[in-house]
Amino acid sequence: MLQKSSSQKDTTNGYAQLAADVLARAKACGATEADIVVADGETLSVQVRIGAVDRLTKAREKRLGLRVFIGKRSATTSTSDFTKDSLERLVADTCALARAVVEDEVSGLPDVAQMATEQPSLDLYDETVVNTETQIDWAKRGEAAAFAADPRVTNSEGAEFDSSSGRVVLANSHGFVGSYKSSNFSLSVSPIATESGTEAMQRDSWYEVQRKFARLASAESIGQEAARRVIRRLGARKVATKRVPVVFDQETAGSLLANLCSAVSGYGLYKRASFLLDKMGQVVASDLMTVYDDGRMVGGLGSRPFDGEGLATRKNTIVERGVLKSYLLDTYSGKKLSLPSTGNASRSVGESPSVGPTNFYLVPGVKSPQEIIGSVKEGLYVTELIGFGINMVTGDYSRGASGFWIENGEITYPVEEITIAGNLKQMFKDLEVVGNDLVFRGRIASPTLKISEMMVAGN
Amino acid sequence: MLEPVQLAKFGVTELEAQHALDRLNVKDVDYADLYFESRTSESVSMEEGIVKRAAKGVSQGVGVRATAREKTGFAYSDELTKKDLEIAADTARYIANSPKGDSPAPVPTQRRPTRDLYPIERARAEVATADRVTLLNEIDAEARRYDPRIKNVMASFNTEYKVVAVATSDGALVGDIQPLSRLQITCIAEDRDNRQVGSFGGGGRVGFEFYREDNRHLSYAREAAREAILNLSAVDAPAGVMPVVLAGGWPGILLHEAIGHGLEADFNRKKTSAFSNLVGKRVASDVCTIVDDGTLPFRRGSLNMDDEGTPTSCTPLIEKGILRRYITDKLNARLMGIPLTGNGRRENYQSVVLPRMTNTFMLAGESDPQDIIRSVKNGLYAVSFGGGQVDITNGKFVFSASEAYLIEDGRITTPVKGATLIGNGPEILTKVSMVGHDLKLDNGIGTCGKDGQSVPVGVGLPTIKIDEITVGGTQR
């Protein structure tokens, strides 16, 4: 069922030469510096619903992004058309745009000396080609396992198996050329359960993403976990408004860590739009919190050998035992804050670099989720958050939540249609227990966390 | 802008499109289409008083789709050669799992969209970068002039110019040119250690002159500055169940989240929506009449035709509290045997068509907005919101206020910090007891996300009173 594709000799698919040509053209057009990113990829996505194929999507894509500097002015453009005429027009347009904006003193490429000199293989690519029939089979087995797990699983939003692979080539007028390939394989299962009597429905899902096909958990185990998660939500009710301890499961704790990640992003900081402004070297969290961003984790979903500007990625300590140790920076935001880049430039093809995490995680503690729940006399175990009620400037936090009510250390009944509110500055300081269950399902990951007190609004 | 369909714009002949449709036309395929799209997007942005970024993106491609009963086969390509069309067609056809058909598809006949909701000439859609830069500079100055405590102004102006053509197996070849633009402003206010944010923006399928009419851009700047300064004095929001008055306009996001998504036909065909099987039933109080209307001129959510070539329409969703219609695309209308409403939309050629909202709003009622506020002893008055989200299946939705006030003894008093409101979609509108006569549509800033696809939408609302909803603040 599986096929191996033949390995290719030219690791850049000719894009290095294409980039060199465009850079030369930009120079002739008056650009003093420039960089270019070329990305291509293939995807195959299969969605199955109630045992039958619902949607099959197949695509190949490619895109080229160009950034030019004319002195201290810069502009960025992108196209999917790689013909000679189109690229010549692109270069001319970019230079014209750059001449139209205002000079920005700190703009420019990183210094030559900063460019990555080695490009380690981080084991990000799997040449396995999972064919259509195999993907359909995985999705069908995942969904079937959810249906088989419990008769109350009555419907399904489907199961989806996606595989994608792609290549990124980055080159700049310093002579830097970098390239890497990566792949992703994922299965998600989204069952719906119905409560007999009320006929009230609940939906939940479970998923896994891996760089290597062979590392995916079985379709059955993913389907069974999805069923377990949806069944436990049946019979959910509101609770009275009160202030209680709140335990965040891995998924929702990961969203808190994503909020921290935004707050330490250089762009929010120099714009004075972060609640962690001017806090470097200070205590910003409980001493139980240590956070790393590691761009070199082998096989990591956020790993890459060089960042969006061609700087070597590395492991940065963001928070150490509660003290803010580093922001996430690219060259531009670093210069605005008088700090060197941390190798966190993130580059989507059509835009100038911004800052993004690589593998951003909170170091696990020793307590199991069961022990953490057991430590709560009365409180909330949150398993899902919805809405956008987070103010990054002030840290004010108010989101829709669902999960389970804890009484005397035990989960009693599911709850929904409630909000949890507080302020992230205080919530990080109120971090009381860190779980031992760190698992990477994305580029940001956290173990289970307990916050000593938040306002839960319900009835 | 109306123009005859020119596949030549995409370097494709009608014969090649016909050939690709023929290839899709196998025994089990109910419907197939080719969606050609060319998009040019431009943006300029400013911060710290400098217009420091300008960007332009060009993309072009084709999405090829075949549907067989519930199944959809979909492929897309950024190459538009005859060979690429054939490969895409064969991938889409795979879904039907049957050999190539013998009978040819009907020859598509050229149609024009029946109306022109955004007659903007190309020349007026193209604006010199220097003019955009000037616009943003004036905004920065106006916001800072509003109050010296405004310490940073971030503004961006984005435009998109999209040319589309749809060739369908039911014999249509139809195209549209869809301009879209948006101006967005965010201000940071600082007073010693207190830092707050305020935002405002607007736009639509409008030309550049829209932003300068009556100095609209400057009024946006003042609004963003006003909200930031106001929030400097905001107190913590209350927590618990209370009456809430929503102001007109953008707070219509309530309708989008609480009922709009739940009425999209795909969720109802699959019976995964909290609104499944509720057509003809009461889901709102009798003062509530709600429509989805894609035919309003120049509006952000409007379209001459949807992305399957169907003219958009004004669809009654709820009439005097009774659920009337779901919004549909071709696949779901056919499978459910219900009317086609012209709501089949896609973000771009790389995404599949889904039933999506256009402009969703509640019609005006009879109450005086002042009386509505006076009728509340203690509650919340919410004027502006950030984003919202809904769980379609259990009906729970949230939306988060960015400007709100306490109502005490029938009077608007202290500004409160943003709080999330949470409710149950099929229930919440039954708690609407008063609807104002002051229907307002939003300014043209909404973007709706579904299945990872973003499309521009509009919302609207008169002032309304919700007798009780949970407010997620921090204070008892």
# chains A, B, ... in the order shown; residues from 1 in each chain; ligands from 1
>>> residues_around(residues="Met336 (chain B)", least_positions_apart="4", cutoff="9 Å", atoms="only C-alpha atoms", output="list in words")
Ala265, Arg269, Leu331 and Asn332 of chain B
>>> interface_residues(of="chain B", to="chain A", cutoff="6 Å", atoms="only C-alpha atoms", output="list in words")
Val51, Lys52, Ala54, Ala55, Lys56, Gly57, Val58, Ser59, Lys71, Thr72, Gly73, Phe74, Ala75, Tyr76, Ala130, Ala239, Gly240, Val241, Gly387, Gly388, Gln389, Thr393, Asn394, Val398, Ser400, Ala419, Thr420, Gly472 and Thr474 of chain B
>>> select_by_dssp(residues="region 343-395 of chain A", states="strand (DSSP E)", output="list in words")
Ala345, Ser346, Ser354, Val355, Phe360, Tyr361, Leu362, Glu378, Gly379, Leu380, Tyr381, Val382, Thr383, Glu384, Leu385 and Ile386 of chain A
>>> closest_residue(among="A:Cys261, A:Val323, A:Ala19, A:Ala34", to="Asp287 (chain A)", atoms="only C-alpha atoms")
A:Val323
>>> closest_residue(among="A:Asp126, A:Glu371, A:Glu88, A:Glu42", to="Leu23 (chain A)", atoms="only C-alpha atoms")
A:Glu88
>>> residues_around(residues="region 357-369 of chain A", least_positions_apart="2", cutoff="7 Å", atoms="only C-alpha atoms", output="list in words")
Met289, Thr290, Val291, Tyr292, Asp293, Asp294, Gly295, Gly300, Gly302, Ser303, Asn344, Glu371, Ile372, Ile373, Val434, Gly435, Asn436, Asp437, Leu438, Arg443, Ile444, Ala445, Ser446, Pro447 and Thr448 of chain A
>>> write_last_selection(atoms="N, CA and C atoms", output="PDB file, in the first residue's frame")
ATOM      1  N   MET A 289       7.197  27.740  36.604  1.00  0.00           N
ATOM      2  CA  MET A 289       7.144  27.879  35.158  1.00  0.00           C
ATOM      3  C   MET A 289       8.525  28.086  34.539  1.00  0.00           C
ATOM      4  N   THR A 290       8.923  27.116  33.696  1.00  0.00           N
ATOM      5  CA  THR A 290      10.110  27.268  32.863  1.00  0.00           C
ATOM      6  C   THR A 290       9.682  26.949  31.435  1.00  0.00           C
ATOM      7  N   VAL A 291       9.981  27.865  30.522  1.00  0.00           N
ATOM      8  CA  VAL A 291       9.521  27.728  29.142  1.00  0.00           C
ATOM      9  C   VAL A 291      10.698  27.843  28.180  1.00  0.00           C
ATOM     10  N   TYR A 292      10.789  26.896  27.263  1.00  0.00           N
ATOM     11  CA  TYR A 292      11.819  26.934  26.219  1.00  0.00           C
ATOM     12  C   TYR A 292      11.189  27.069  24.848  1.00  0.00           C
ATOM     13  N   ASP A 293      11.961  27.629  23.931  1.00  0.00           N
ATOM     14  CA  ASP A 293      11.602  27.571  22.522  1.00  0.00           C
ATOM     15  C   ASP A 293      12.783  26.936  21.816  1.00  0.00           C
ATOM     16  N   ASP A 294      12.586  25.736  21.273  1.00  0.00           N
ATOM     17  CA  ASP A 294      13.701  24.965  20.725  1.00  0.00           C
ATOM     18  C   ASP A 294      13.490  24.653  19.246  1.00  0.00           C
ATOM     19  N   GLY A 295      14.200  25.377  18.406  1.00  0.00           N
ATOM     20  CA  GLY A 295      14.052  25.207  16.959  1.00  0.00           C
ATOM     21  C   GLY A 295      14.775  24.000  16.401  1.00  0.00           C
ATOM     22  N   GLY A 300      10.734  17.704  15.265  1.00  0.00           N
ATOM     23  CA  GLY A 300       9.719  18.572  15.879  1.00  0.00           C
ATOM     24  C   GLY A 300       8.814  19.236  14.852  1.00  0.00           C
ATOM     25  N   GLY A 302       7.698  22.142  14.957  1.00  0.00           N
ATOM     26  CA  GLY A 302       8.071  23.541  14.735  1.00  0.00           C
ATOM     27  C   GLY A 302       9.549  23.709  14.408  1.00  0.00           C
ATOM     28  N   SER A 303      10.251  22.594  14.203  1.00  0.00           N
ATOM     29  CA  SER A 303      11.697  22.675  13.968  1.00  0.00           C
ATOM     30  C   SER A 303      12.008  23.151  12.563  1.00  0.00           C
ATOM     31  N   ASN A 344      14.083  33.704  15.550  1.00  0.00           N
ATOM     32  CA  ASN A 344      12.663  33.353  15.485  1.00  0.00           C
ATOM     33  C   ASN A 344      11.908  34.059  14.355  1.00  0.00           C
ATOM     34  N   GLU A 371      -3.546  13.332  39.944  1.00  0.00           N
ATOM     35  CA  GLU A 371      -3.140  13.916  41.234  1.00  0.00           C
ATOM     36  C   GLU A 371      -3.541  15.387  41.317  1.00  0.00           C
ATOM     37  N   ILE A 372      -3.411  16.085  40.165  1.00  0.00           N
ATOM     38  CA  ILE A 372      -3.746  17.515  40.174  1.00  0.00           C
ATOM     39  C   ILE A 372      -5.235  17.695  40.441  1.00  0.00           C
ATOM     40  N   ILE A 373      -6.067  16.931  39.722  1.00  0.00           N
ATOM     41  CA  ILE A 373      -7.517  17.007  39.944  1.00  0.00           C
ATOM     42  C   ILE A 373      -7.826  16.627  41.403  1.00  0.00           C
ATOM     43  N   VAL A 434       2.231  22.078  38.016  1.00  0.00           N
ATOM     44  CA  VAL A 434       2.519  21.758  36.618  1.00  0.00           C
ATOM     45  C   VAL A 434       2.510  20.237  36.489  1.00  0.00           C
ATOM     46  N   GLY A 435       1.768  19.721  35.507  1.00  0.00           N
ATOM     47  CA  GLY A 435       1.644  18.274  35.320  1.00  0.00           C
ATOM     48  C   GLY A 435       2.877  17.642  34.702  1.00  0.00           C
ATOM     49  N   ASN A 436       2.847  16.296  34.652  1.00  0.00           N
ATOM     50  CA  ASN A 436       3.995  15.555  34.107  1.00  0.00           C
ATOM     51  C   ASN A 436       3.721  15.059  32.683  1.00  0.00           C
ATOM     52  N   ASP A 437       2.643  15.595  32.052  1.00  0.00           N
ATOM     53  CA  ASP A 437       2.124  14.985  30.830  1.00  0.00           C
ATOM     54  C   ASP A 437       2.357  15.831  29.573  1.00  0.00           C
ATOM     55  N   LEU A 438       3.593  16.266  29.353  1.00  0.00           N
ATOM     56  CA  LEU A 438       3.881  17.069  28.161  1.00  0.00           C
ATOM     57  C   LEU A 438       3.899  16.175  26.905  1.00  0.00           C
ATOM     58  N   ARG A 443       3.268  23.079  17.508  1.00  0.00           N
ATOM     59  CA  ARG A 443       4.527  23.735  17.848  1.00  0.00           C
ATOM     60  C   ARG A 443       4.508  24.363  19.244  1.00  0.00           C
ATOM     61  N   ILE A 444       3.328  24.440  19.861  1.00  0.00           N
ATOM     62  CA  ILE A 444       3.231  24.952  21.221  1.00  0.00           C
ATOM     63  C   ILE A 444       2.616  23.856  22.077  1.00  0.00           C
ATOM     64  N   ALA A 445       3.248  23.520  23.199  1.00  0.00           N
ATOM     65  CA  ALA A 445       2.745  22.400  23.996  1.00  0.00           C
ATOM     66  C   ALA A 445       2.936  22.670  25.477  1.00  0.00           C
ATOM     67  N   SER A 446       1.985  22.195  26.261  1.00  0.00           N
ATOM     68  CA  SER A 446       2.057  22.353  27.712  1.00  0.00           C
ATOM     69  C   SER A 446       1.497  21.114  28.394  1.00  0.00           C
ATOM     70  N   PRO A 447       2.042  20.762  29.546  1.00  0.00           N
ATOM     71  CA  PRO A 447       1.385  19.739  30.368  1.00  0.00           C
ATOM     72  C   PRO A 447       0.141  20.351  31.034  1.00  0.00           C
ATOM     73  N   THR A 448      -0.622  19.535  31.727  1.00  0.00           N
ATOM     74  CA  THR A 448      -1.763  19.999  32.524  1.00  0.00           C
ATOM     75  C   THR A 448      -1.297  21.056  33.538  1.00  0.00           C
TER      76      THR A 448
END
>>> residues_around(residues="Leu296 (chain B)", least_positions_apart="6", cutoff="9 Å", atoms="only C-alpha atoms", output="list of chain:residue names")
B:Leu117, B:Ser302, B:Leu303, B:Cys314, B:Asn359
>>> residues_around(residues="Ala16 (chain A)", least_positions_apart="5", cutoff="9 Å", atoms="only C-alpha atoms", output="ChimeraX atom specification")
/A:21,38,169-171,177-179
>>> atom_distance(atom1="CA of Thr134 (chain A)", atom2="CA of Tyr35 (chain B)")
28.9 Å
>>> residues_around(residues="Val376 (chain B)", least_positions_apart="4", cutoff="10 Å", atoms="only C-alpha atoms", output="VMD selection string")
chain B and resid 242 to 245 371 to 372 380 to 381 407 to 412 465 467
>>> select_by_dssp(residues="region 177-318 of chain B", states="helix (DSSP H, G or I)", output="mmCIF file with C-alpha atoms, in the first residue's frame")
data_model
loop_
_atom_site.group_PDB
_atom_site.id
_atom_site.type_symbol
_atom_site.label_atom_id
_atom_site.label_comp_id
_atom_site.auth_asym_id
_atom_site.auth_seq_id
_atom_site.Cartn_x
_atom_site.Cartn_y
_atom_site.Cartn_z
ATOM 1 C CA PHE B 208 -10.735 54.534 -2.648
ATOM 2 C CA GLU B 209 -12.871 57.706 -2.647
ATOM 3 C CA PHE B 210 -15.165 56.048 -0.052
ATOM 4 C CA TYR B 211 -12.546 56.593 2.638
ATOM 5 C CA GLU B 213 -15.968 61.076 1.655
ATOM 6 C CA ASP B 214 -16.776 63.452 4.515
ATOM 7 C CA ASN B 215 -13.309 62.602 5.895
ATOM 8 C CA ARG B 216 -14.543 59.147 6.837
ATOM 9 C CA HIS B 217 -10.942 58.031 7.466
ATOM 10 C CA LEU B 218 -10.522 60.720 10.119
ATOM 11 C CA SER B 219 -13.747 59.763 11.874
ATOM 12 C CA TYR B 220 -12.458 56.156 12.006
ATOM 13 C CA ALA B 221 -9.236 57.450 13.585
ATOM 14 C CA ARG B 222 -11.154 59.414 16.219
ATOM 15 C CA GLU B 223 -13.346 56.394 17.013
ATOM 16 C CA ALA B 224 -10.310 54.141 17.584
ATOM 17 C CA ALA B 225 -8.694 56.813 19.773
ATOM 18 C CA ARG B 226 -11.935 57.400 21.680
ATOM 19 C CA GLU B 227 -12.308 53.698 22.514
ATOM 20 C CA ALA B 228 -8.697 53.458 23.761
ATOM 21 C CA ILE B 229 -9.064 56.570 25.958
ATOM 22 C CA LEU B 230 -12.440 55.386 27.261
ATOM 23 C CA ASN B 231 -10.945 52.056 28.295
ATOM 24 C CA LEU B 232 -8.384 53.903 30.479
ATOM 25 C CA TRP B 250 -21.515 45.431 14.639
ATOM 26 C CA PRO B 251 -23.062 43.781 17.762
ATOM 27 C CA GLY B 252 -25.077 41.935 15.078
ATOM 28 C CA ILE B 253 -22.185 39.475 15.378
ATOM 29 C CA LEU B 254 -24.601 37.912 17.907
ATOM 30 C CA LEU B 255 -26.831 36.796 15.008
ATOM 31 C CA HIS B 256 -23.868 35.524 13.009
ATOM 32 C CA GLU B 257 -22.648 33.305 15.858
ATOM 33 C CA ALA B 258 -25.858 32.414 17.683
ATOM 34 C CA ILE B 259 -27.980 31.419 14.704
ATOM 35 C CA GLY B 260 -26.263 32.136 11.369
ATOM 36 C CA HIS B 261 -23.725 29.305 11.422
ATOM 37 C CA GLY B 262 -26.316 26.930 12.826
ATOM 38 C CA LEU B 263 -28.527 27.595 9.765
ATOM 39 C CA ALA B 265 -27.281 23.817 5.215
ATOM 40 C CA ASP B 266 -24.279 21.479 5.423
ATOM 41 C CA PHE B 267 -24.563 21.131 9.218
ATOM 42 C CA ASN B 268 -28.307 20.584 8.939
ATOM 43 C CA ARG B 269 -28.065 17.996 6.164
#
>>> residues_around(residues="Ser121 (chain A)", least_positions_apart="3", cutoff="10 Å", atoms="only C-alpha atoms", output="list in words")
Glu118, Leu124, Tyr125, Tyr180, Lys181, Arg296, Val298, Gly299, Arg304 and Pro305 of chain A
>>> closest_residue(among="B:Ser402, B:Ser45, B:Ser77, B:Asn424", to="Val153 (chain B)", atoms="only C-alpha atoms")
B:Ser45
>>> atom_distance(atom1="CA of Gly294 (chain B)", atom2="CA of Gly63 (chain B)")
23.1 Å
>>> atom_distance(atom1="CA of Val283 (chain A)", atom2="CA of Lys429 (chain A)")
8.5 Å
>>> closest_residue(among="B:Phe397, B:Phe385, B:Tyr118, B:Phe361", to="Tyr161 (chain B)", atoms="only C-alpha atoms")
B:Tyr118
